[in-house]
file upload.cif (mmCIF, C-alpha atoms)
data_structure
#
loop_
_atom_site.group_PDB
_atom_site.id
_atom_site.type_symbol
_atom_site.label_atom_id
_atom_site.label_comp_id
_atom_site.auth_asym_id
_atom_site.auth_seq_id
_atom_site.Cartn_x
_atom_site.Cartn_y
_atom_site.Cartn_z
ATOM 1 C CA MET Z 1 6.199 13.068 26.655
ATOM 2 C CA ARG Z 2 8.731 14.819 28.891
ATOM 3 C CA VAL Z 3 8.950 11.681 31.078
ATOM 4 C CA VAL Z 4 9.796 9.561 28.038
ATOM 5 C CA GLU Z 5 12.428 12.103 26.994
ATOM 6 C CA ILE Z 6 14.002 12.118 30.472
ATOM 7 C CA LEU Z 7 14.034 8.316 30.580
ATOM 8 C CA GLY Z 8 15.725 8.387 27.191
ATOM 9 C CA TYR Z 9 18.466 10.612 28.618
ATOM 10 C CA TYR Z 10 19.047 8.146 31.469
ATOM 11 C CA VAL Z 11 19.225 5.164 29.110
ATOM 12 C CA ARG Z 12 21.656 6.984 26.831
ATOM 13 C CA GLY Z 13 23.737 7.933 29.865
ATOM 14 C CA PHE Z 14 23.771 4.324 31.045
ATOM 15 C CA LEU Z 15 24.991 3.187 27.618
ATOM 16 C CA MET Z 16 27.647 5.930 27.670
ATOM 17 C CA GLY Z 17 28.775 4.800 31.114
ATOM 18 C CA LEU Z 18 29.023 1.211 29.932
ATOM 19 C CA ALA Z 19 31.072 2.352 26.948
ATOM 20 C CA ASP Z 20 33.394 4.563 28.970
ATOM 21 C CA SER Z 21 33.994 1.707 31.407
ATOM 22 C CA VAL Z 22 35.404 -0.660 28.803
ATOM 23 C CA PRO Z 23 38.341 -0.296 26.411
ATOM 24 C CA GLY Z 24 37.042 -0.243 22.871
ATOM 25 C CA ILE Z 25 34.235 2.261 22.417
ATOM 26 C CA SER Z 26 33.937 5.749 23.822
ATOM 27 C CA GLY Z 27 30.930 7.313 25.497
ATOM 28 C CA GLY Z 28 31.253 10.003 22.873
ATOM 29 C CA THR Z 29 30.518 7.407 20.194
ATOM 30 C CA ILE Z 30 27.354 6.327 22.026
ATOM 31 C CA ALA Z 31 26.280 9.967 22.370
ATOM 32 C CA PHE Z 32 26.959 10.424 18.663
ATOM 33 C CA VAL Z 33 25.009 7.408 17.439
ATOM 34 C CA THR Z 34 22.073 8.017 19.818
ATOM 35 C CA GLY Z 35 21.499 11.589 18.692
ATOM 36 C CA ILE Z 36 22.622 13.683 21.694
ATOM 37 C CA TYR Z 37 26.232 14.517 20.831
ATOM 38 C CA ALA Z 38 25.644 18.116 19.777
ATOM 39 C CA LYS Z 39 23.531 18.779 22.899
ATOM 40 C CA LEU Z 40 26.226 17.220 25.106
ATOM 41 C CA ILE Z 41 29.110 19.222 23.648
ATOM 42 C CA ASP Z 42 27.099 22.457 23.720
ATOM 43 C CA ASN Z 43 26.245 21.979 27.409
ATOM 44 C CA LEU Z 44 29.829 21.097 28.310
ATOM 45 C CA TYR Z 45 30.993 24.187 26.432
ATOM 46 C CA ILE Z 46 28.587 26.322 28.471
ATOM 47 C CA ILE Z 47 30.065 24.893 31.683
ATOM 48 C CA SER Z 48 33.581 25.688 30.474
ATOM 49 C CA GLU Z 49 32.446 29.244 29.647
ATOM 50 C CA PHE Z 50 31.117 29.592 33.195
ATOM 51 C CA PHE Z 51 34.445 28.559 34.719
ATOM 52 C CA LYS Z 52 36.362 30.847 32.381
ATOM 53 C CA LYS Z 53 34.226 34.003 32.536
ATOM 54 C CA HIS Z 54 31.596 33.858 35.269
ATOM 55 C CA LEU Z 55 32.795 31.780 38.245
ATOM 56 C CA TRP Z 56 34.992 34.503 39.700
ATOM 57 C CA LYS Z 57 32.108 36.973 39.456
ATOM 58 C CA LEU Z 58 29.757 34.441 41.089
ATOM 59 C CA LYS Z 59 27.317 34.731 38.189
ATOM 60 C CA PHE Z 60 25.587 31.423 38.798
ATOM 61 C CA ARG Z 61 22.485 32.664 36.970
ATOM 62 C CA PHE Z 62 24.430 32.091 33.758
ATOM 63 C CA LEU Z 63 24.386 28.329 34.402
ATOM 64 C CA PHE Z 64 20.729 28.189 35.433
ATOM 65 C CA LYS Z 65 19.736 30.160 32.371
ATOM 66 C CA GLU Z 66 21.875 28.448 29.730
ATOM 67 C CA LEU Z 67 22.181 24.793 30.766
ATOM 68 C CA ASP Z 68 19.692 22.019 30.050
ATOM 69 C CA TRP Z 69 19.671 20.743 33.634
ATOM 70 C CA LEU Z 70 17.296 17.827 33.164
ATOM 71 C CA PHE Z 71 19.420 16.566 30.298
ATOM 72 C CA LEU Z 72 22.656 16.749 32.310
ATOM 73 C CA ILE Z 73 21.237 15.352 35.564
ATOM 74 C CA PHE Z 74 19.621 12.270 34.064
ATOM 75 C CA LEU Z 75 22.420 11.662 31.584
ATOM 76 C CA GLY Z 76 24.918 11.910 34.456
ATOM 77 C CA ALA Z 77 22.832 9.578 36.639
ATOM 78 C CA GLY Z 78 22.862 6.984 33.886
ATOM 79 C CA ILE Z 79 26.636 7.290 33.414
ATOM 80 C CA ILE Z 80 27.367 6.937 37.145
ATOM 81 C CA SER Z 81 25.037 3.929 37.471
ATOM 82 C CA ALA Z 82 26.762 2.114 34.621
ATOM 83 C CA VAL Z 83 30.282 2.889 35.872
ATOM 84 C CA ILE Z 84 29.447 1.413 39.301
ATOM 85 C CA VAL Z 85 27.954 -1.698 37.695
ATOM 86 C CA MET Z 86 30.936 -2.182 35.396
ATOM 87 C CA GLY Z 87 33.414 -1.527 38.216
ATOM 88 C CA HIS Z 88 32.215 -4.802 39.725
ATOM 89 C CA THR Z 89 31.702 -6.737 36.518
ATOM 90 C CA MET Z 90 34.876 -5.924 34.565
ATOM 91 C CA VAL Z 91 37.269 -6.959 37.327
ATOM 92 C CA MET Z 92 35.720 -10.439 37.354
ATOM 93 C CA LEU Z 93 35.473 -10.765 33.565
ATOM 94 C CA LEU Z 94 39.059 -9.693 32.963
ATOM 95 C CA ALA Z 95 40.245 -12.189 35.548
ATOM 96 C CA SER Z 96 38.357 -15.174 34.119
ATOM 97 C CA HIS Z 97 37.652 -14.459 30.416
ATOM 98 C CA ARG Z 98 40.255 -11.918 29.348
ATOM 99 C CA ALA Z 99 40.613 -12.955 25.689
ATOM 100 C CA MET Z 100 36.843 -13.069 25.146
ATOM 101 C CA VAL Z 101 36.422 -9.629 26.696
ATOM 102 C CA TRP Z 102 39.077 -8.141 24.406
ATOM 103 C CA ALA Z 103 37.501 -9.798 21.363
ATOM 104 C CA THR Z 104 34.222 -8.063 22.237
ATOM 105 C CA PHE Z 105 36.049 -4.758 22.663
ATOM 106 C CA ALA Z 106 37.597 -5.184 19.201
ATOM 107 C CA GLY Z 107 34.153 -5.678 17.696
ATOM 108 C CA LEU Z 108 32.865 -2.556 19.405
ATOM 109 C CA VAL Z 109 35.747 -0.564 17.926
ATOM 110 C CA VAL Z 110 35.106 -1.850 14.399
ATOM 111 C CA GLY Z 111 31.398 -1.058 14.697
ATOM 112 C CA SER Z 112 32.222 2.430 15.950
ATOM 113 C CA LEU Z 113 34.695 2.888 13.105
ATOM 114 C CA TYR Z 114 31.944 2.122 10.616
ATOM 115 C CA VAL Z 115 29.592 4.647 12.230
ATOM 116 C CA VAL Z 116 32.189 7.439 12.356
ATOM 117 C CA ALA Z 117 33.539 6.784 8.845
ATOM 118 C CA ARG Z 118 30.015 7.104 7.393
ATOM 119 C CA GLU Z 119 30.013 10.748 8.480
ATOM 120 C CA VAL Z 120 33.126 11.622 6.485
ATOM 121 C CA LYS Z 121 33.041 13.000 2.957
ATOM 122 C CA PHE Z 122 36.295 11.445 1.800
ATOM 123 C CA SER Z 123 38.514 13.001 -0.838
ATOM 124 C CA LEU Z 124 42.210 12.657 -1.594
ATOM 125 C CA ARG Z 125 42.961 15.837 0.334
ATOM 126 C CA VAL Z 126 40.901 14.730 3.341
ATOM 127 C CA LEU Z 127 42.614 11.340 3.310
ATOM 128 C CA LEU Z 128 46.134 12.788 3.117
ATOM 129 C CA ALA Z 129 45.658 15.671 5.560
ATOM 130 C CA GLY Z 130 43.135 14.118 7.954
ATOM 131 C CA THR Z 131 42.819 10.344 7.919
ATOM 132 C CA VAL Z 132 46.479 9.472 7.363
ATOM 133 C CA PRO Z 133 47.818 11.724 10.174
ATOM 134 C CA GLY Z 134 45.113 10.299 12.435
ATOM 135 C CA PHE Z 135 46.219 6.768 11.517
ATOM 136 C CA VAL Z 136 49.873 7.584 12.196
ATOM 137 C CA LEU Z 137 48.994 9.047 15.599
ATOM 138 C CA GLY Z 138 46.854 6.026 16.463
ATOM 139 C CA PHE Z 139 49.588 3.625 15.331
ATOM 140 C CA LEU Z 140 52.182 5.441 17.433
ATOM 141 C CA ILE Z 141 49.869 5.225 20.456
ATOM 142 C CA MET Z 142 49.289 1.534 19.821
ATOM 143 C CA SER Z 143 52.919 0.649 19.123
ATOM 144 C CA SER Z 144 54.045 2.373 22.312
ATOM 145 C CA GLY Z 145 52.469 -0.574 24.126
ATOM 146 C CA VAL Z 146 51.140 -0.658 27.647
ATOM 147 C CA SER Z 147 53.273 1.484 29.914
ATOM 148 C CA HIS Z 148 54.474 0.459 33.329
ATOM 149 C CA LEU Z 149 53.501 3.643 35.142
ATOM 150 C CA PRO Z 150 53.020 3.001 38.864
ATOM 151 C CA ASN Z 151 49.573 3.554 40.349
ATOM 152 C CA THR Z 152 50.315 6.825 42.127
ATOM 153 C CA ALA Z 153 47.887 9.682 42.743
ATOM 154 C CA LEU Z 154 49.790 11.906 40.297
ATOM 155 C CA ASN Z 155 49.721 9.304 37.523
ATOM 156 C CA VAL Z 156 46.019 8.664 38.149
ATOM 157 C CA PHE Z 157 45.376 12.432 37.872
ATOM 158 C CA ILE Z 158 47.290 12.661 34.574
ATOM 159 C CA ALA Z 159 45.527 9.564 33.244
ATOM 160 C CA GLY Z 160 42.121 11.040 34.079
ATOM 161 C CA ALA Z 161 42.931 14.322 32.313
ATOM 162 C CA ILE Z 162 44.075 12.526 29.151
ATOM 163 C CA ALA Z 163 41.411 9.822 29.159
ATOM 164 C CA ILE Z 164 38.461 12.225 29.395
ATOM 165 C CA CYS Z 165 39.578 13.832 26.121
ATOM 166 C CA ALA Z 166 39.178 10.445 24.425
ATOM 167 C CA MET Z 167 35.957 9.622 26.290
ATOM 168 C CA ILE Z 168 34.047 12.522 24.748
ATOM 169 C CA LEU Z 169 35.379 11.951 21.244
ATOM 170 C CA PRO Z 170 33.351 9.776 18.865
ATOM 171 C CA GLY Z 171 36.200 7.374 18.334
ATOM 172 C CA ILE Z 172 38.967 6.077 20.574
ATOM 173 C CA SER Z 173 37.894 5.017 24.054
ATOM 174 C CA GLY Z 174 39.110 6.774 27.183
ATOM 175 C CA SER Z 175 39.431 3.363 28.799
ATOM 176 C CA THR Z 176 41.837 2.411 26.016
ATOM 177 C CA VAL Z 177 43.989 5.345 27.091
ATOM 178 C CA LEU Z 178 43.799 4.099 30.684
ATOM 179 C CA VAL Z 179 44.916 0.646 29.519
ATOM 180 C CA ILE Z 180 47.895 2.131 27.671
ATOM 181 C CA LEU Z 181 48.797 4.192 30.767
ATOM 182 C CA ASN Z 182 48.498 1.083 32.986
ATOM 183 C CA GLN Z 183 45.700 2.620 35.076
ATOM 184 C CA TYR Z 184 42.566 0.831 33.823
ATOM 185 C CA GLU Z 185 42.460 -2.169 36.142
ATOM 186 C CA HIS Z 186 43.592 0.019 39.049
ATOM 187 C CA ILE Z 187 40.682 2.455 38.544
ATOM 188 C CA MET Z 188 38.156 -0.370 38.084
ATOM 189 C CA SER Z 189 39.343 -2.048 41.294
ATOM 190 C CA LEU Z 190 39.058 1.256 43.176
ATOM 191 C CA ILE Z 191 35.477 1.743 41.978
ATOM 192 C CA LYS Z 192 34.608 -1.792 43.028
ATOM 193 C CA MET Z 193 36.291 -1.361 46.423
ATOM 194 C CA ILE Z 194 34.682 1.969 47.317
ATOM 195 C CA SER Z 195 31.199 1.123 46.032
ATOM 196 C CA SER Z 196 31.233 -2.203 47.906
ATOM 197 C CA ASN Z 197 32.634 -0.914 51.211
ATOM 198 C CA PRO Z 198 32.464 2.889 51.286
ATOM 199 C CA PHE Z 199 33.167 3.128 55.030
ATOM 200 C CA ASP Z 200 35.883 0.477 55.223
ATOM 201 C CA SER Z 201 37.917 1.482 52.163
ATOM 202 C CA PRO Z 202 41.423 2.872 52.851
ATOM 203 C CA ILE Z 203 42.007 6.607 52.646
ATOM 204 C CA TRP Z 204 44.469 6.198 49.778
ATOM 205 C CA ALA Z 205 41.659 4.751 47.627
ATOM 206 C CA TYR Z 206 39.641 7.953 48.075
ATOM 207 C CA ILE Z 207 42.726 10.058 47.354
ATOM 208 C CA HIS Z 208 43.309 8.200 44.087
ATOM 209 C CA ILE Z 209 39.658 8.439 43.025
ATOM 210 C CA GLY Z 210 39.652 12.133 43.944
ATOM 211 C CA ALA Z 211 42.791 12.713 41.874
ATOM 212 C CA PHE Z 212 41.224 10.848 38.953
ATOM 213 C CA LEU Z 213 38.012 12.913 39.114
ATOM 214 C CA LEU Z 214 40.001 16.158 39.379
ATOM 215 C CA GLY Z 215 41.988 15.157 36.304
ATOM 216 C CA ILE Z 216 38.741 14.447 34.463
ATOM 217 C CA LEU Z 217 37.324 17.866 35.408
ATOM 218 C CA ILE Z 218 40.402 19.816 34.344
ATOM 219 C CA GLY Z 219 40.895 17.815 31.147
ATOM 220 C CA LEU Z 220 37.227 18.099 30.208
ATOM 221 C CA LEU Z 221 36.925 21.849 30.749
ATOM 222 C CA SER Z 222 40.112 22.435 28.758
ATOM 223 C CA PHE Z 223 39.535 20.064 25.859
ATOM 224 C CA VAL Z 224 35.833 20.665 25.264
ATOM 225 C CA ARG Z 225 36.542 24.208 24.083
ATOM 226 C CA LEU Z 226 38.886 22.960 21.366
ATOM 227 C CA LEU Z 227 36.531 20.139 20.411
ATOM 228 C CA HIS Z 228 33.554 22.508 20.221
ATOM 229 C CA TYR Z 229 35.497 24.755 17.860
ATOM 230 C CA LEU Z 230 36.748 21.906 15.642
ATOM 231 C CA LEU Z 231 33.318 20.307 15.265
ATOM 232 C CA LYS Z 232 31.718 23.657 14.431
ATOM 233 C CA LYS Z 233 34.395 24.866 12.025
ATOM 234 C CA ALA Z 234 35.987 21.695 10.627
ATOM 235 C CA TYR Z 235 33.515 18.847 11.129
ATOM 236 C CA ASN Z 236 34.566 16.728 8.141
ATOM 237 C CA TRP Z 237 38.295 17.048 8.804
ATOM 238 C CA THR Z 238 37.823 16.242 12.484
ATOM 239 C CA MET Z 239 35.782 13.113 11.777
ATOM 240 C CA ALA Z 240 38.272 12.018 9.098
ATOM 241 C CA THR Z 241 41.130 12.332 11.604
ATOM 242 C CA LEU Z 242 39.167 10.335 14.194
ATOM 243 C CA THR Z 243 38.572 7.609 11.589
ATOM 244 C CA GLY Z 244 42.297 7.275 10.961
ATOM 245 C CA LEU Z 245 42.999 7.307 14.697
ATOM 246 C CA MET Z 246 40.605 4.409 15.285
ATOM 247 C CA VAL Z 247 42.192 2.336 12.513
ATOM 248 C CA GLY Z 248 45.636 3.022 13.931
ATOM 249 C CA VAL Z 249 44.843 1.715 17.413
ATOM 250 C CA LEU Z 250 42.975 -1.422 16.264
ATOM 251 C CA PRO Z 251 45.935 -3.827 16.760
ATOM 252 C CA VAL Z 252 45.998 -3.085 20.498
ATOM 253 C CA PHE Z 253 42.694 -4.984 20.777
ATOM 254 C CA TRP Z 254 44.167 -8.314 19.650
ATOM 255 C CA PRO Z 255 42.643 -10.645 22.265
ATOM 256 C CA TRP Z 256 45.773 -12.705 22.860
ATOM 257 C CA MET Z 257 48.604 -10.618 24.270
ATOM 258 C CA GLU Z 258 51.346 -11.489 26.741
ATOM 259 C CA ASN Z 259 53.651 -8.804 28.084
ATOM 260 C CA GLY Z 260 52.728 -6.522 25.220
ATOM 261 C CA LYS Z 261 53.468 -9.144 22.528
ATOM 262 C CA PHE Z 262 51.074 -10.844 20.116
ATOM 263 C CA VAL Z 263 50.625 -14.572 20.777
ATOM 264 C CA LEU Z 264 48.534 -17.296 19.154
ATOM 265 C CA PRO Z 265 45.143 -18.184 20.674
ATOM 266 C CA ALA Z 266 44.566 -21.280 22.746
ATOM 267 C CA GLU Z 267 42.773 -24.162 21.071
ATOM 268 C CA GLY Z 268 39.020 -23.676 20.918
ATOM 269 C CA GLU Z 269 39.089 -19.937 21.653
ATOM 270 C CA VAL Z 270 39.006 -18.636 18.078
ATOM 271 C CA LEU Z 271 35.365 -19.488 17.360
ATOM 272 C CA TYR Z 272 34.015 -17.922 20.553
ATOM 273 C CA ALA Z 273 36.227 -14.860 20.130
ATOM 274 C CA THR Z 274 35.044 -14.410 16.538
ATOM 275 C CA LEU Z 275 31.384 -14.654 17.541
ATOM 276 C CA LEU Z 276 31.866 -12.064 20.298
ATOM 277 C CA PHE Z 277 33.781 -9.801 17.902
ATOM 278 C CA VAL Z 278 30.928 -9.929 15.379
ATOM 279 C CA ALA Z 279 28.331 -9.408 18.127
ATOM 280 C CA GLY Z 280 30.147 -6.287 19.361
ATOM 281 C CA ALA Z 281 30.313 -4.781 15.881
ATOM 282 C CA ILE Z 282 26.672 -5.584 15.115
ATOM 283 C CA PHE Z 283 25.519 -4.062 18.411
ATOM 284 C CA ILE Z 284 26.971 -0.666 17.533
ATOM 285 C CA ILE Z 285 25.698 -0.725 13.957
ATOM 286 C CA VAL Z 286 22.183 -1.726 15.049
ATOM 287 C CA LEU Z 287 22.193 0.967 17.735
ATOM 288 C CA GLN Z 288 23.061 3.547 15.107
ATOM 289 C CA ARG Z 289 20.208 2.292 12.927
ATOM 290 C CA ILE Z 290 17.680 2.509 15.733
ATOM 291 C CA LEU Z 291 18.670 5.969 16.946
ATOM 292 C CA PRO Z 292 19.738 8.684 14.499
ATOM 293 C CA ALA Z 293 23.311 9.932 14.424
ATOM 294 C CA ASP Z 294 23.848 13.509 15.524
ATOM 295 C CA LYS Z 295 25.736 16.258 13.729
ATOM 296 C CA MET Z 296 27.214 19.485 14.979
#
call {"tool": "encode", "arguments": {"input": "upload.cif", "output": "structure tokens"}}
result
Amino acid sequence: MRVVEILGYYVRGFLMGLADSVPGISGGTIAFVTGIYAKLIDNLYIISEFFKKHLWKLKFRFLFKELDWLFLIFLGAGIISAVIVMGHTMVMLLASHRAMVWATFAGLVVGSLYVVAREVKFSLRVLLAGTVPGFVLGFLIMSSGVSHLPNTALNVFIAGAIAICAMILPGISGSTVLVILNQYEHIMSLIKMISSNPFDSPIWAYIHIGAFLLGILIGLLSFVRLLHYLLKKAYNWTMATLTGLMVGVLPVFWPWMENGKFVLPAEGEVLYATLLFVAGAIFIIVLQRILPADKM
């Protein structure tokens, strides 16, 4: 039975890695709909507690005692495997089938929105104080458009720190944040480059990946404490805000964009894009039906 459980962690991690590698759905959403979100946040909170209170005293027994190591190791292995796979795949897909890829992403977002919204006990007060502010924030993020930040180590670090906050939320995708910050394709190309030719890749590629991972670590350890508190103390309000946020950013997933502007689709693309959109939404909804959603 333990083997089946461990395999389940790896599969969930692989799905999370796939989600975190594409703009549209966050790994946090996958963790939420597959029933491991509370366990994930609790373990990440324990790690943040170690860095805050025990690292300087070298109390490593705290980690060995409190963490679910098998859960983290196999979940992490699944995430890393998927990220490497997608680092190769997404570069090619975006180059040859960009509109179809974005249509699929849009479907994934709508499916995720349905899953998250089901968890909210809506009332007028929750709508006005939670969902509407979330929508306004999401709309402001979306309307800001894709930035033109250069692909420097500092910008990659900042992008990693911000994106990881979205990646662990059941809602907006961290990769969406990377797209908005103009770092998504750069990071995917780096992953492809280093995983394909680890000994021939330029030193700057390793510096950029290192900066990105450092940003992820710092952002994760900082944000998970706030998220842990909000989900424990204000679960309904938090989920309502995330629902509004997801609605607000939906327009950024319009499949046909040129230089940040909406354009009409090419002839013959609408049908295929619609089918992929529906398939993406159904995938998330079916996944949530198969595996129970998790609550804090």
call {"tool": "atom_distance", "arguments": {"input": "upload.cif", "atom1": "atom CA of Val249 of chain Z", "atom2": "atom CA of Gly107 of chain Z"}}
result
13.0 Å
call {"tool": "residues_around", "arguments": {"input": "upload.cif", "residues": "Phe139 of chain Z", "least_positions_apart": "3", "cutoff": "10 Å", "atoms": "all atoms listed in the file", "output": "PyMOL selection string"}}
result
chain Z and resi 133-136+142-144+244-252
call {"tool": "closest_residue", "arguments": {"input": "upload.cif", "among": "Z:Tyr9, Z:Phe199, Z:Phe212, Z:Tyr184", "to": "Trp69 of chain Z", "atoms": "all atoms listed in the file"}}
result
Z:Tyr9
call {"tool": "closest_residue", "arguments": {"input": "upload.cif", "among": "Z:Ile36, Z:Ala153, Z:Ile218, Z:Ala240", "to": "Ile203 of chain Z", "atoms": "all atoms listed in the file"}}
result
Z:Ala153
call {"tool": "residues_around", "arguments": {"input": "upload.cif", "residues": "Val22 of chain Z", "least_positions_apart": "2", "cutoff": "8 Å", "atoms": "only C-alpha atoms", "output": "list of chain:residue names"}}
result
Z:Leu18, Z:Ala19, Z:Asp20, Z:Gly24, Z:Ile25, Z:Met90, Z:Phe105, Z:Ser173, Z:Ser175, Z:Thr176
call {"tool": "atom_distance", "arguments": {"input": "upload.cif", "atom1": "atom CA of Leu220 of chain Z", "atom2": "atom CA of Lys121 of chain Z"}}
result
28.0 Å
call {"tool": "atom_distance", "arguments": {"input": "upload.cif", "atom1": "atom CA of Ala106 of chain Z", "atom2": "atom CA of Leu93 of chain Z"}}
result
15.6 Å
call {"tool": "resolve_selection", "arguments": {"input": "upload.cif", "expression": "the PyMOL selection byres ((chain Z and resi 194) around 12)", "output": "MDAnalysis selection string"}}
result
chainID Z and resid 84 87:88 187:193 195:210
call {"tool": "write_last_selection", "arguments": {"input": "upload.cif", "atoms": "C-alpha atoms", "output": "short mmCIF file (atom, residue, chain, number, x, y, z; two decimals), in the frame of the given file"}}
result
data_model
loop_
_atom_site.label_atom_id
_atom_site.label_comp_id
_atom_site.auth_asym_id
_atom_site.auth_seq_id
_atom_site.Cartn_x
_atom_site.Cartn_y
_atom_site.Cartn_z
CA ILE Z 84 29.45 1.41 39.30
CA GLY Z 87 33.41 -1.53 38.22
CA HIS Z 88 32.22 -4.80 39.72
CA ILE Z 187 40.68 2.46 38.54
CA MET Z 188 38.16 -0.37 38.08
CA SER Z 189 39.34 -2.05 41.29
CA LEU Z 190 39.06 1.26 43.18
CA ILE Z 191 35.48 1.74 41.98
CA LYS Z 192 34.61 -1.79 43.03
CA MET Z 193 36.29 -1.36 46.42
CA SER Z 195 31.20 1.12 46.03
CA SER Z 196 31.23 -2.20 47.91
CA ASN Z 197 32.63 -0.91 51.21
CA PRO Z 198 32.46 2.89 51.29
CA PHE Z 199 33.17 3.13 55.03
CA ASP Z 200 35.88 0.48 55.22
CA SER Z 201 37.92 1.48 52.16
CA PRO Z 202 41.42 2.87 52.85
CA ILE Z 203 42.01 6.61 52.65
CA TRP Z 204 44.47 6.20 49.78
CA ALA Z 205 41.66 4.75 47.63
CA TYR Z 206 39.64 7.95 48.08
CA ILE Z 207 42.73 10.06 47.35
CA HIS Z 208 43.31 8.20 44.09
CA ILE Z 209 39.66 8.44 43.02
CA GLY Z 210 39.65 12.13 43.94
#
call {"tool": "resolve_selection", "arguments": {"input": "upload.cif", "expression": "the PyMOL selection byres ((chain Z and resi 14) around 12)", "output": "short mmCIF file (atom, residue, chain, number, x, y, z; two decimals) with C-alpha atoms, in the coordinates of the input"}}
result
data_model
loop_
_atom_site.label_atom_id
_atom_site.label_comp_id
_atom_site.auth_asym_id
_atom_site.auth_seq_id
_atom_site.Cartn_x
_atom_site.Cartn_y
_atom_site.Cartn_z
CA LEU Z 7 14.03 8.32 30.58
CA GLY Z 8 15.72 8.39 27.19
CA TYR Z 9 18.47 10.61 28.62
CA TYR Z 10 19.05 8.15 31.47
CA VAL Z 11 19.23 5.16 29.11
CA ARG Z 12 21.66 6.98 26.83
CA GLY Z 13 23.74 7.93 29.86
CA LEU Z 15 24.99 3.19 27.62
CA MET Z 16 27.65 5.93 27.67
CA GLY Z 17 28.78 4.80 31.11
CA LEU Z 18 29.02 1.21 29.93
CA ALA Z 19 31.07 2.35 26.95
CA ASP Z 20 33.39 4.56 28.97
CA SER Z 21 33.99 1.71 31.41
CA GLY Z 27 30.93 7.31 25.50
CA ILE Z 30 27.35 6.33 22.03
CA ALA Z 31 26.28 9.97 22.37
CA THR Z 34 22.07 8.02 19.82
CA PHE Z 74 19.62 12.27 34.06
CA LEU Z 75 22.42 11.66 31.58
CA GLY Z 76 24.92 11.91 34.46
CA ALA Z 77 22.83 9.58 36.64
CA GLY Z 78 22.86 6.98 33.89
CA ILE Z 79 26.64 7.29 33.41
CA ILE Z 80 27.37 6.94 37.15
CA SER Z 81 25.04 3.93 37.47
CA ALA Z 82 26.76 2.11 34.62
CA VAL Z 83 30.28 2.89 35.87
CA ILE Z 84 29.45 1.41 39.30
CA VAL Z 85 27.95 -1.70 37.70
CA MET Z 86 30.94 -2.18 35.40
#
call {"tool": "residues_around", "arguments": {"input": "upload.cif", "residues": "Ile47 of chain Z", "least_positions_apart": "6", "cutoff": "8 Å", "atoms": "all atoms listed in the file", "output": "list in words"}}
result
Leu63, Leu67 and Leu221 of chain Z
call {"tool": "closest_residue", "arguments": {"input": "upload.cif", "among": "Z:Gly215, Z:Ser112, Z:Phe71, Z:Leu230", "to": "Ile6 of chain Z", "atoms": "all atoms listed in the file"}}
result
Z:Phe71
call {"tool": "build_atoms", "arguments": {"input": "upload.cif", "residues": "segment 21-32 of chain Z", "atoms": "N, CA and C atoms", "output": "PDB file, keeping the file's coordinate frame"}}
result
ATOM      1  N   SER Z  21      33.409   2.609  30.424  1.00  0.00           N
ATOM      2  CA  SER Z  21      33.994   1.707  31.407  1.00  0.00           C
ATOM      3  C   SER Z  21      34.815   0.600  30.778  1.00  0.00           C
ATOM      4  N   VAL Z  22      34.696   0.435  29.461  1.00  0.00           N
ATOM      5  CA  VAL Z  22      35.404  -0.660  28.803  1.00  0.00           C
ATOM      6  C   VAL Z  22      36.296  -0.118  27.705  1.00  0.00           C
ATOM      7  N   PRO Z  23      37.494  -0.687  27.534  1.00  0.00           N
ATOM      8  CA  PRO Z  23      38.341  -0.296  26.411  1.00  0.00           C
ATOM      9  C   PRO Z  23      37.701  -0.735  25.106  1.00  0.00           C
ATOM     10  N   GLY Z  24      37.611   0.150  24.153  1.00  0.00           N
ATOM     11  CA  GLY Z  24      37.042  -0.243  22.871  1.00  0.00           C
ATOM     12  C   GLY Z  24      36.185   0.834  22.259  1.00  0.00           C
ATOM     13  N   ILE Z  25      35.168   1.280  22.961  1.00  0.00           N
ATOM     14  CA  ILE Z  25      34.235   2.261  22.417  1.00  0.00           C
ATOM     15  C   ILE Z  25      34.075   3.398  23.415  1.00  0.00           C
ATOM     16  N   SER Z  26      34.037   4.606  22.922  1.00  0.00           N
ATOM     17  CA  SER Z  26      33.937   5.749  23.822  1.00  0.00           C
ATOM     18  C   SER Z  26      32.481   6.125  24.074  1.00  0.00           C
ATOM     19  N   GLY Z  27      32.253   6.766  25.221  1.00  0.00           N
ATOM     20  CA  GLY Z  27      30.930   7.313  25.497  1.00  0.00           C
ATOM     21  C   GLY Z  27      30.533   8.346  24.468  1.00  0.00           C
ATOM     22  N   GLY Z  28      31.530   9.035  23.926  1.00  0.00           N
ATOM     23  CA  GLY Z  28      31.253  10.003  22.873  1.00  0.00           C
ATOM     24  C   GLY Z  28      30.648   9.348  21.648  1.00  0.00           C
ATOM     25  N   THR Z  29      31.097   8.135  21.328  1.00  0.00           N
ATOM     26  CA  THR Z  29      30.518   7.407  20.194  1.00  0.00           C
ATOM     27  C   THR Z  29      29.053   7.089  20.454  1.00  0.00           C
ATOM     28  N   ILE Z  30      28.750   6.631  21.678  1.00  0.00           N
ATOM     29  CA  ILE Z  30      27.354   6.327  22.026  1.00  0.00           C
ATOM     30  C   ILE Z  30      26.508   7.590  21.939  1.00  0.00           C
ATOM     31  N   ALA Z  31      27.011   8.705  22.461  1.00  0.00           N
ATOM     32  CA  ALA Z  31      26.280   9.967  22.370  1.00  0.00           C
ATOM     33  C   ALA Z  31      26.050  10.341  20.911  1.00  0.00           C
ATOM     34  N   PHE Z  32      27.047  10.084  20.091  1.00  0.00           N
ATOM     35  CA  PHE Z  32      26.959  10.424  18.663  1.00  0.00           C
ATOM     36  C   PHE Z  32      25.895   9.593  17.962  1.00  0.00           C
TER      37      PHE Z  32
END
